[in-house]
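The file run22.tsv comes next; it holds TSV, C-alpha atoms.
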```tsv
chain	number	residue	atom	x	y	z
W	38	MET	CA	305.45	48.15	85.41
W	39	SER	CA	308.99	49.39	85.94
W	40	SER	CA	310.01	45.81	86.71
W	41	LEU	CA	309.56	44.80	83.08
W	42	PRO	CA	312.91	44.08	81.41
W	43	LEU	CA	312.40	46.73	78.71
W	44	ALA	CA	310.95	49.44	80.95
W	45	GLY	CA	314.25	51.34	81.04
W	46	LEU	CA	314.10	51.99	77.31
W	47	GLY	CA	311.98	55.08	77.98
W	48	ARG	CA	315.18	57.06	78.47
W	49	TYR	CA	315.81	56.62	74.73
W	50	SER	CA	312.53	58.22	73.68
W	51	ASP	CA	314.25	61.17	71.98
W	52	PHE	CA	316.38	58.75	69.97
W	53	GLY	CA	313.21	56.83	69.04
W	54	LEU	CA	311.58	60.05	67.84
W	55	LEU	CA	314.69	60.82	65.78
W	56	LEU	CA	314.50	57.37	64.16
W	57	ALA	CA	310.77	57.76	63.45
W	58	ARG	CA	311.31	61.20	61.89
W	59	VAL	CA	314.23	60.09	59.74
W	60	ILE	CA	312.60	56.87	58.51
W	61	VAL	CA	309.26	58.51	57.65
W	62	GLY	CA	311.10	61.54	56.25
W	63	VAL	CA	313.27	59.44	53.93
W	64	VAL	CA	310.26	57.57	52.56
W	65	LEU	CA	308.31	60.80	51.96
W	66	PHE	CA	311.37	62.51	50.45
W	67	ALA	CA	311.92	59.59	48.04
W	68	HIS	CA	308.29	59.64	46.90
W	69	GLY	CA	308.39	63.41	46.43
W	70	TYR	CA	311.68	63.15	44.53
W	71	GLN	CA	310.13	60.57	42.24
W	72	LYS	CA	307.18	62.85	41.49
W	73	LEU	CA	309.36	65.92	40.93
W	74	PHE	CA	312.26	64.45	38.97
W	75	ASP	CA	311.48	60.96	37.65
W	76	VAL	CA	307.79	61.01	36.72
W	77	GLY	CA	307.45	64.78	36.48
W	78	VAL	CA	304.82	66.83	38.25
W	79	ALA	CA	302.81	67.57	35.11
W	80	ASN	CA	302.77	63.90	34.15
W	81	PHE	CA	301.82	62.91	37.71
W	82	GLY	CA	298.88	65.33	37.58
W	83	ASP	CA	297.71	64.45	34.08
W	84	ALA	CA	298.29	60.70	34.03
W	85	PHE	CA	297.54	59.80	37.63
W	86	LEU	CA	295.47	62.43	39.46
W	87	ALA	CA	293.19	63.60	36.63
W	88	PRO	CA	291.81	60.08	35.89
W	89	LEU	CA	290.98	59.74	39.60
W	90	GLY	CA	288.79	62.85	39.35
W	91	VAL	CA	291.02	64.99	41.55
W	92	PRO	CA	290.01	68.63	41.10
W	93	LEU	CA	292.75	70.87	39.70
W	94	PRO	CA	295.10	67.92	39.14
W	95	GLY	CA	298.03	70.12	38.12
W	96	LEU	CA	297.88	72.15	41.32
W	97	ALA	CA	297.20	69.04	43.42
W	98	ALA	CA	300.24	67.33	41.87
W	99	TRP	CA	302.49	70.23	42.91
W	100	ILE	CA	301.06	70.27	46.43
W	101	VAL	CA	301.54	66.52	46.88
W	102	ALA	CA	305.04	66.52	45.39
W	103	LEU	CA	306.20	69.45	47.55
W	104	VAL	CA	304.60	68.14	50.75
W	105	GLU	CA	306.41	64.86	50.22
W	106	PHE	CA	309.77	66.23	49.01
W	107	VAL	CA	310.18	69.34	51.16
W	108	GLY	CA	308.21	67.83	54.03
W	109	GLY	CA	310.34	64.69	54.00
W	110	LEU	CA	313.50	66.77	54.17
W	111	ALA	CA	312.02	68.91	56.97
W	112	LEU	CA	311.13	65.77	58.96
W	113	ILE	CA	314.65	64.42	58.59
W	114	LEU	CA	315.97	67.69	60.03
W	115	GLY	CA	313.19	68.01	62.58
W	116	LEU	CA	312.08	71.39	61.22
W	117	LEU	CA	308.41	72.37	61.53
W	118	SER	CA	307.86	68.72	62.36
W	119	ARG	CA	304.30	68.92	63.63
W	120	VAL	CA	303.10	71.05	60.71
W	121	VAL	CA	304.72	68.66	58.23
W	122	ALA	CA	303.31	65.64	60.07
W	123	LEU	CA	299.80	67.10	59.81
W	124	LEU	CA	300.12	67.98	56.10
W	125	ALA	CA	301.64	64.61	55.21
W	126	THR	CA	298.93	62.78	57.17
W	127	ILE	CA	296.25	64.64	55.19
W	128	ASP	CA	298.09	63.78	51.95
W	129	LEU	CA	298.21	60.08	52.86
W	130	VAL	CA	294.59	59.90	54.02
W	131	VAL	CA	293.48	61.39	50.69
W	132	GLU	CA	295.67	58.87	48.88
W	133	ILE	CA	294.09	56.02	50.84
W	134	LEU	CA	290.59	57.26	49.97
W	135	LEU	CA	291.31	57.81	46.27
W	136	VAL	CA	293.82	55.10	45.41
W	137	THR	CA	294.25	52.28	47.89
W	138	LEU	CA	290.80	51.86	49.43
W	139	PRO	CA	289.46	49.96	46.41
W	140	VAL	CA	292.52	47.66	46.53
W	141	GLY	CA	292.36	46.96	50.27
W	142	LEU	CA	294.85	46.74	53.08
W	143	ILE	CA	297.32	44.39	51.42
W	144	ALA	CA	297.83	44.62	47.67
W	145	PRO	CA	297.15	41.44	45.74
W	146	ILE	CA	300.00	40.36	43.50
W	147	GLY	CA	299.92	42.63	40.46
W	148	GLY	CA	296.87	44.47	41.80
W	149	GLY	CA	298.19	47.94	42.61
W	150	PRO	CA	299.15	49.47	45.95
W	151	GLY	CA	297.46	48.51	49.17
W	152	ALA	CA	296.95	50.84	52.11
W	153	GLU	CA	299.55	49.20	54.36
W	154	LEU	CA	302.45	51.56	53.58
W	155	ASN	CA	300.27	54.65	53.95
W	156	LEU	CA	298.92	53.41	57.28
W	157	ALA	CA	302.41	52.67	58.60
W	158	LEU	CA	303.58	56.14	57.56
W	159	ILE	CA	300.51	57.72	59.15
W	160	ALA	CA	301.30	55.90	62.41
W	161	GLY	CA	304.79	57.42	62.44
W	162	LEU	CA	303.46	60.84	61.50
W	163	LEU	CA	300.86	60.76	64.28
W	164	VAL	CA	303.59	60.00	66.81
W	165	ILE	CA	305.50	63.06	65.62
W	166	LEU	CA	302.35	65.18	65.56
W	167	LEU	CA	301.18	64.18	69.04
W	168	VAL	CA	304.49	63.68	70.89
W	169	GLY	CA	306.74	66.11	69.04
W	170	PRO	CA	310.01	65.75	67.16
W	171	GLY	CA	312.22	65.01	70.16
W	172	ARG	CA	315.36	66.64	71.51
W	173	TYR	CA	317.47	65.84	68.44
W	174	SER	CA	315.69	68.22	66.07
W	175	VAL	CA	315.98	71.73	64.70
W	176	ASP	CA	312.61	72.40	66.35
W	177	ALA	CA	314.14	71.66	69.77
W	178	GLY	CA	316.93	74.14	69.10
W	179	LEU	CA	314.44	76.80	68.06
W	180	THR	CA	312.20	76.28	71.09
W	181	GLY	CA	314.95	76.12	73.70
W	182	GLY	CA	314.92	72.36	73.99
W	183	ASP	CA	311.19	71.84	74.57
W	184	PRO	CA	310.13	70.26	71.26
W	185	GLY	CA	307.06	68.50	72.59
W	186	VAL	CA	305.83	66.09	75.18
W	187	ARG	CA	308.58	64.48	77.20
W	188	VAL	CA	308.28	60.78	77.84
W	189	ARG	CA	309.23	59.95	81.40
W	190	PRO	CA	312.27	57.63	81.59
W	191	GLY	CA	311.36	54.14	82.77
```

Rewritten as structure tokens:
Amino acid sequence: MSSLPLAGLGRYSDFGLLLARVIVGVVLFAHGYQKLFDVGVANFGDAFLAPLGVPLPGLAAWIVALVEFVGGLALILGLLSRVVALLATIDLVVEILLVTLPVGLIAPIGGGPGAELNLALIAGLLVILLVGPGRYSVDAGLTGGDPGVRVRPG
């Protein structure tokens, strides 16, 4: 397969992991910021989580907001990347089950959020969880440059 025109791109795998971390991290950070500072955590818990039947909606709201805000920032930096990827994946799976599953994969116009964004974010998070954060991360600096599975250059 090394004769394929794009096979040599494997040497950029650490850069690809950096891009995945930053893109997913920015989206999570923005959603966490919105919950913390725009909507407000108490309002998020009372107006959104409580009607869904989420137990302890006030506590759940803080957990979700902090996983997204702090976790998004940590992913951007590449700090505790696998732990954050696992926690954010759990957060998004719960959101799919409680919020987007009744709507479906793609949201109808004016019909609330579909699961497509959550699934795309989960895909990026699973790459980080399973492969690691890559060389360009705080995690790599803390572990002596071995932040996860190395992809063999093509």

Review point. How far is it from atom CA of Val121 of chain W to atom CA of Pro139 of chain W, in Å with one decimal?
Key: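 Distance between the two atoms: 26.9 Å.
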
Give me the segment 87-184 of chain W side of the contact with segment 61-72 of chain W, cut-off 12 Å, one line per residue showing its nearest atom pair and distance in Å at one decimal, counting only C-alpha atoms, sorted by chain and residue number, as JSON lines.
```
{"residue": "W:Ala97", "atom": "CA", "partner": "W:Lys72", "partner_atom": "CA", "distance": 11.9}
{"residue": "W:Ala98", "atom": "CA", "partner": "W:Lys72", "partner_atom": "CA", "distance": 8.3}
{"residue": "W:Trp99", "atom": "CA", "partner": "W:Lys72", "partner_atom": "CA", "distance": 8.9}
{"residue": "W:Ile100", "atom": "CA", "partner": "W:Gly69", "partner_atom": "CA", "distance": 10.0}
{"residue": "W:Val101", "atom": "CA", "partner": "W:Gly69", "partner_atom": "CA", "distance": 7.5}
{"residue": "W:Ala102", "atom": "CA", "partner": "W:Gly69", "partner_atom": "CA", "distance": 4.7}
{"residue": "W:Leu103", "atom": "CA", "partner": "W:Gly69", "partner_atom": "CA", "distance": 6.5}
{"residue": "W:Val104", "atom": "CA", "partner": "W:Gly69", "partner_atom": "CA", "distance": 7.4}
{"residue": "W:Glu105", "atom": "CA", "partner": "W:Gly69", "partner_atom": "CA", "distance": 4.5}
{"residue": "W:Phe106", "atom": "CA", "partner": "W:Gly69", "partner_atom": "CA", "distance": 4.1}
{"residue": "W:Val107", "atom": "CA", "partner": "W:Phe66", "partner_atom": "CA", "distance": 7.0}
{"residue": "W:Gly108", "atom": "CA", "partner": "W:Phe66", "partner_atom": "CA", "distance": 7.1}
{"residue": "W:Gly109", "atom": "CA", "partner": "W:Gly62", "partner_atom": "CA", "distance": 3.9}
{"residue": "W:Leu110", "atom": "CA", "partner": "W:Phe66", "partner_atom": "CA", "distance": 6.0}
{"residue": "W:Ala111", "atom": "CA", "partner": "W:Gly62", "partner_atom": "CA", "distance": 7.5}
{"residue": "W:Leu112", "atom": "CA", "partner": "W:Gly62", "partner_atom": "CA", "distance": 5.0}
{"residue": "W:Ile113", "atom": "CA", "partner": "W:Gly62", "partner_atom": "CA", "distance": 5.1}
{"residue": "W:Leu114", "atom": "CA", "partner": "W:Gly62", "partner_atom": "CA", "distance": 8.7}
{"residue": "W:Gly115", "atom": "CA", "partner": "W:Gly62", "partner_atom": "CA", "distance": 9.3}
{"residue": "W:Leu116", "atom": "CA", "partner": "W:Gly62", "partner_atom": "CA", "distance": 11.1}
{"residue": "W:Ser118", "atom": "CA", "partner": "W:Gly62", "partner_atom": "CA", "distance": 10.0}
{"residue": "W:Val121", "atom": "CA", "partner": "W:Gly62", "partner_atom": "CA", "distance": 9.8}
{"residue": "W:Ala122", "atom": "CA", "partner": "W:Gly62", "partner_atom": "CA", "distance": 9.6}
{"residue": "W:Leu124", "atom": "CA", "partner": "W:Leu65", "partner_atom": "CA", "distance": 11.7}
{"residue": "W:Ala125", "atom": "CA", "partner": "W:Leu65", "partner_atom": "CA", "distance": 8.3}
{"residue": "W:Thr126", "atom": "CA", "partner": "W:Leu65", "partner_atom": "CA", "distance": 10.9}
{"residue": "W:Asp128", "atom": "CA", "partner": "W:Leu65", "partner_atom": "CA", "distance": 10.6}
{"residue": "W:Leu129", "atom": "CA", "partner": "W:Leu65", "partner_atom": "CA", "distance": 10.2}
{"residue": "W:Leu154", "atom": "CA", "partner": "W:Val64", "partner_atom": "CA", "distance": 9.9}
{"residue": "W:Asn155", "atom": "CA", "partner": "W:Leu65", "partner_atom": "CA", "distance": 10.3}
{"residue": "W:Leu156", "atom": "CA", "partner": "W:Val61", "partner_atom": "CA", "distance": 11.5}
{"residue": "W:Ala157", "atom": "CA", "partner": "W:Val61", "partner_atom": "CA", "distance": 9.1}
{"residue": "W:Leu158", "atom": "CA", "partner": "W:Val61", "partner_atom": "CA", "distance": 6.2}
{"residue": "W:Ile159", "atom": "CA", "partner": "W:Val61", "partner_atom": "CA", "distance": 8.9}
{"residue": "W:Ala160", "atom": "CA", "partner": "W:Val61", "partner_atom": "CA", "distance": 9.6}
{"residue": "W:Gly161", "atom": "CA", "partner": "W:Val61", "partner_atom": "CA", "distance": 6.6}
{"residue": "W:Leu162", "atom": "CA", "partner": "W:Val61", "partner_atom": "CA", "distance": 7.3}
{"residue": "W:Leu163", "atom": "CA", "partner": "W:Val61", "partner_atom": "CA", "distance": 10.9}
{"residue": "W:Val164", "atom": "CA", "partner": "W:Val61", "partner_atom": "CA", "distance": 10.9}
{"residue": "W:Ile165", "atom": "CA", "partner": "W:Val61", "partner_atom": "CA", "distance": 9.9}
{"residue": "W:Pro170", "atom": "CA", "partner": "W:Gly62", "partner_atom": "CA", "distance": 11.7}
```

Review point. Got a sec to check which residues sit within 6 Å of (301.6, 68.2, 65.5), counting all atoms listed in the file, and write them as a ChimeraX atom specification?
Key: /W:119-120,166-167

Practice item. Could you check how far atom CA of Ala57 of chain W sits from atom CA of Thr137 of chain W, in Å to one decimal? Key: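 Interatomic distance, atom CA of Ala57 of chain W to atom CA of Thr137 of chain W: 23.3 Å.
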
Practice item. Using all atoms listed in the file, find the one residue out of W:Gly148, W:Gly95, W:Gly181, W:Pro42 that sits nearest to Ala79 of chain W. Key: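 Answer, going by the shortest atom-to-atom distance: W:Gly95.
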
Exercise for review: Could you give me, as a ChimeraX atom specification, the residues that sit within 8 Å of (296.9, 53.0, 49.3) in the file's coordinates, counting all atoms listed in the file?
Suggested key: /W:132-138,140-142,150-155

For segment 122-146 of chain W, where the input has fewer atoms than it should, I would like N, CA and C atoms rebuilt and written as a PDB file, keeping the file's coordinate frame.
```pdb
ATOM      1  N   ALA W 122     303.998  66.894  59.738  1.00  0.00           N
ATOM      2  CA  ALA W 122     303.310  65.640  60.070  1.00  0.00           C
ATOM      3  C   ALA W 122     301.809  65.758  59.770  1.00  0.00           C
ATOM      4  N   LEU W 123     301.229  66.896  60.087  1.00  0.00           N
ATOM      5  CA  LEU W 123     299.800  67.100  59.810  1.00  0.00           C
ATOM      6  C   LEU W 123     299.537  67.123  58.299  1.00  0.00           C
ATOM      7  N   LEU W 124     300.324  67.887  57.553  1.00  0.00           N
ATOM      8  CA  LEU W 124     300.120  67.980  56.100  1.00  0.00           C
ATOM      9  C   LEU W 124     300.337  66.636  55.416  1.00  0.00           C
ATOM     10  N   ALA W 125     301.368  65.915  55.825  1.00  0.00           N
ATOM     11  CA  ALA W 125     301.640  64.610  55.210  1.00  0.00           C
ATOM     12  C   ALA W 125     300.560  63.598  55.571  1.00  0.00           C
ATOM     13  N   THR W 126     300.026  63.676  56.780  1.00  0.00           N
ATOM     14  CA  THR W 126     298.930  62.780  57.170  1.00  0.00           C
ATOM     15  C   THR W 126     297.714  63.031  56.298  1.00  0.00           C
ATOM     16  N   ILE W 127     297.379  64.298  56.077  1.00  0.00           N
ATOM     17  CA  ILE W 127     296.250  64.640  55.190  1.00  0.00           C
ATOM     18  C   ILE W 127     296.505  64.090  53.788  1.00  0.00           C
ATOM     19  N   ASP W 128     297.708  64.282  53.270  1.00  0.00           N
ATOM     20  CA  ASP W 128     298.090  63.780  51.950  1.00  0.00           C
ATOM     21  C   ASP W 128     297.870  62.270  51.864  1.00  0.00           C
ATOM     22  N   LEU W 129     298.313  61.548  52.886  1.00  0.00           N
ATOM     23  CA  LEU W 129     298.210  60.080  52.860  1.00  0.00           C
ATOM     24  C   LEU W 129     296.785  59.589  53.052  1.00  0.00           C
ATOM     25  N   VAL W 130     295.991  60.283  53.849  1.00  0.00           N
ATOM     26  CA  VAL W 130     294.590  59.900  54.020  1.00  0.00           C
ATOM     27  C   VAL W 130     293.841  60.074  52.691  1.00  0.00           C
ATOM     28  N   VAL W 131     294.106  61.173  52.001  1.00  0.00           N
ATOM     29  CA  VAL W 131     293.480  61.390  50.690  1.00  0.00           C
ATOM     30  C   VAL W 131     293.923  60.294  49.721  1.00  0.00           C
ATOM     31  N   GLU W 132     295.189  59.931  49.757  1.00  0.00           N
ATOM     32  CA  GLU W 132     295.670  58.870  48.880  1.00  0.00           C
ATOM     33  C   GLU W 132     294.982  57.536  49.192  1.00  0.00           C
ATOM     34  N   ILE W 133     294.801  57.242  50.479  1.00  0.00           N
ATOM     35  CA  ILE W 133     294.090  56.020  50.840  1.00  0.00           C
ATOM     36  C   ILE W 133     292.678  56.048  50.265  1.00  0.00           C
ATOM     37  N   LEU W 134     291.982  57.164  50.431  1.00  0.00           N
ATOM     38  CA  LEU W 134     290.590  57.260  49.970  1.00  0.00           C
ATOM     39  C   LEU W 134     290.472  57.165  48.456  1.00  0.00           C
ATOM     40  N   LEU W 135     291.406  57.772  47.733  1.00  0.00           N
ATOM     41  CA  LEU W 135     291.310  57.810  46.270  1.00  0.00           C
ATOM     42  C   LEU W 135     291.951  56.621  45.571  1.00  0.00           C
ATOM     43  N   VAL W 136     293.025  56.087  46.144  1.00  0.00           N
ATOM     44  CA  VAL W 136     293.820  55.100  45.410  1.00  0.00           C
ATOM     45  C   VAL W 136     293.769  53.713  46.032  1.00  0.00           C
ATOM     46  N   THR W 137     294.037  53.603  47.315  1.00  0.00           N
ATOM     47  CA  THR W 137     294.250  52.280  47.890  1.00  0.00           C
ATOM     48  C   THR W 137     293.004  51.636  48.502  1.00  0.00           C
ATOM     49  N   LEU W 138     292.002  52.423  48.825  1.00  0.00           N
ATOM     50  CA  LEU W 138     290.800  51.860  49.430  1.00  0.00           C
ATOM     51  C   LEU W 138     290.154  50.777  48.552  1.00  0.00           C
ATOM     52  N   PRO W 139     290.042  51.018  47.242  1.00  0.00           N
ATOM     53  CA  PRO W 139     289.460  49.960  46.410  1.00  0.00           C
ATOM     54  C   PRO W 139     290.314  48.681  46.368  1.00  0.00           C
ATOM     55  N   VAL W 140     291.621  48.825  46.579  1.00  0.00           N
ATOM     56  CA  VAL W 140     292.520  47.660  46.530  1.00  0.00           C
ATOM     57  C   VAL W 140     292.451  46.883  47.836  1.00  0.00           C
ATOM     58  N   GLY W 141     292.408  47.608  48.958  1.00  0.00           N
ATOM     59  CA  GLY W 141     292.360  46.960  50.270  1.00  0.00           C
ATOM     60  C   GLY W 141     293.616  47.214  51.061  1.00  0.00           C
ATOM     61  N   LEU W 142     293.714  46.544  52.184  1.00  0.00           N
ATOM     62  CA  LEU W 142     294.850  46.740  53.080  1.00  0.00           C
ATOM     63  C   LEU W 142     296.140  46.223  52.466  1.00  0.00           C
ATOM     64  N   ILE W 143     296.136  45.001  52.019  1.00  0.00           N
ATOM     65  CA  ILE W 143     297.320  44.390  51.420  1.00  0.00           C
ATOM     66  C   ILE W 143     297.054  44.228  49.931  1.00  0.00           C
ATOM     67  N   ALA W 144     298.000  44.694  49.119  1.00  0.00           N
ATOM     68  CA  ALA W 144     297.830  44.620  47.670  1.00  0.00           C
ATOM     69  C   ALA W 144     297.938  43.183  47.195  1.00  0.00           C
ATOM     70  N   PRO W 145     296.980  42.755  46.366  1.00  0.00           N
ATOM     71  CA  PRO W 145     297.150  41.440  45.740  1.00  0.00           C
ATOM     72  C   PRO W 145     298.296  41.511  44.731  1.00  0.00           C
ATOM     73  N   ILE W 146     298.878  40.396  44.445  1.00  0.00           N
ATOM     74  CA  ILE W 146     300.000  40.360  43.500  1.00  0.00           C
ATOM     75  C   ILE W 146     299.539  40.939  42.167  1.00  0.00           C
TER      76      ILE W 146
END
```
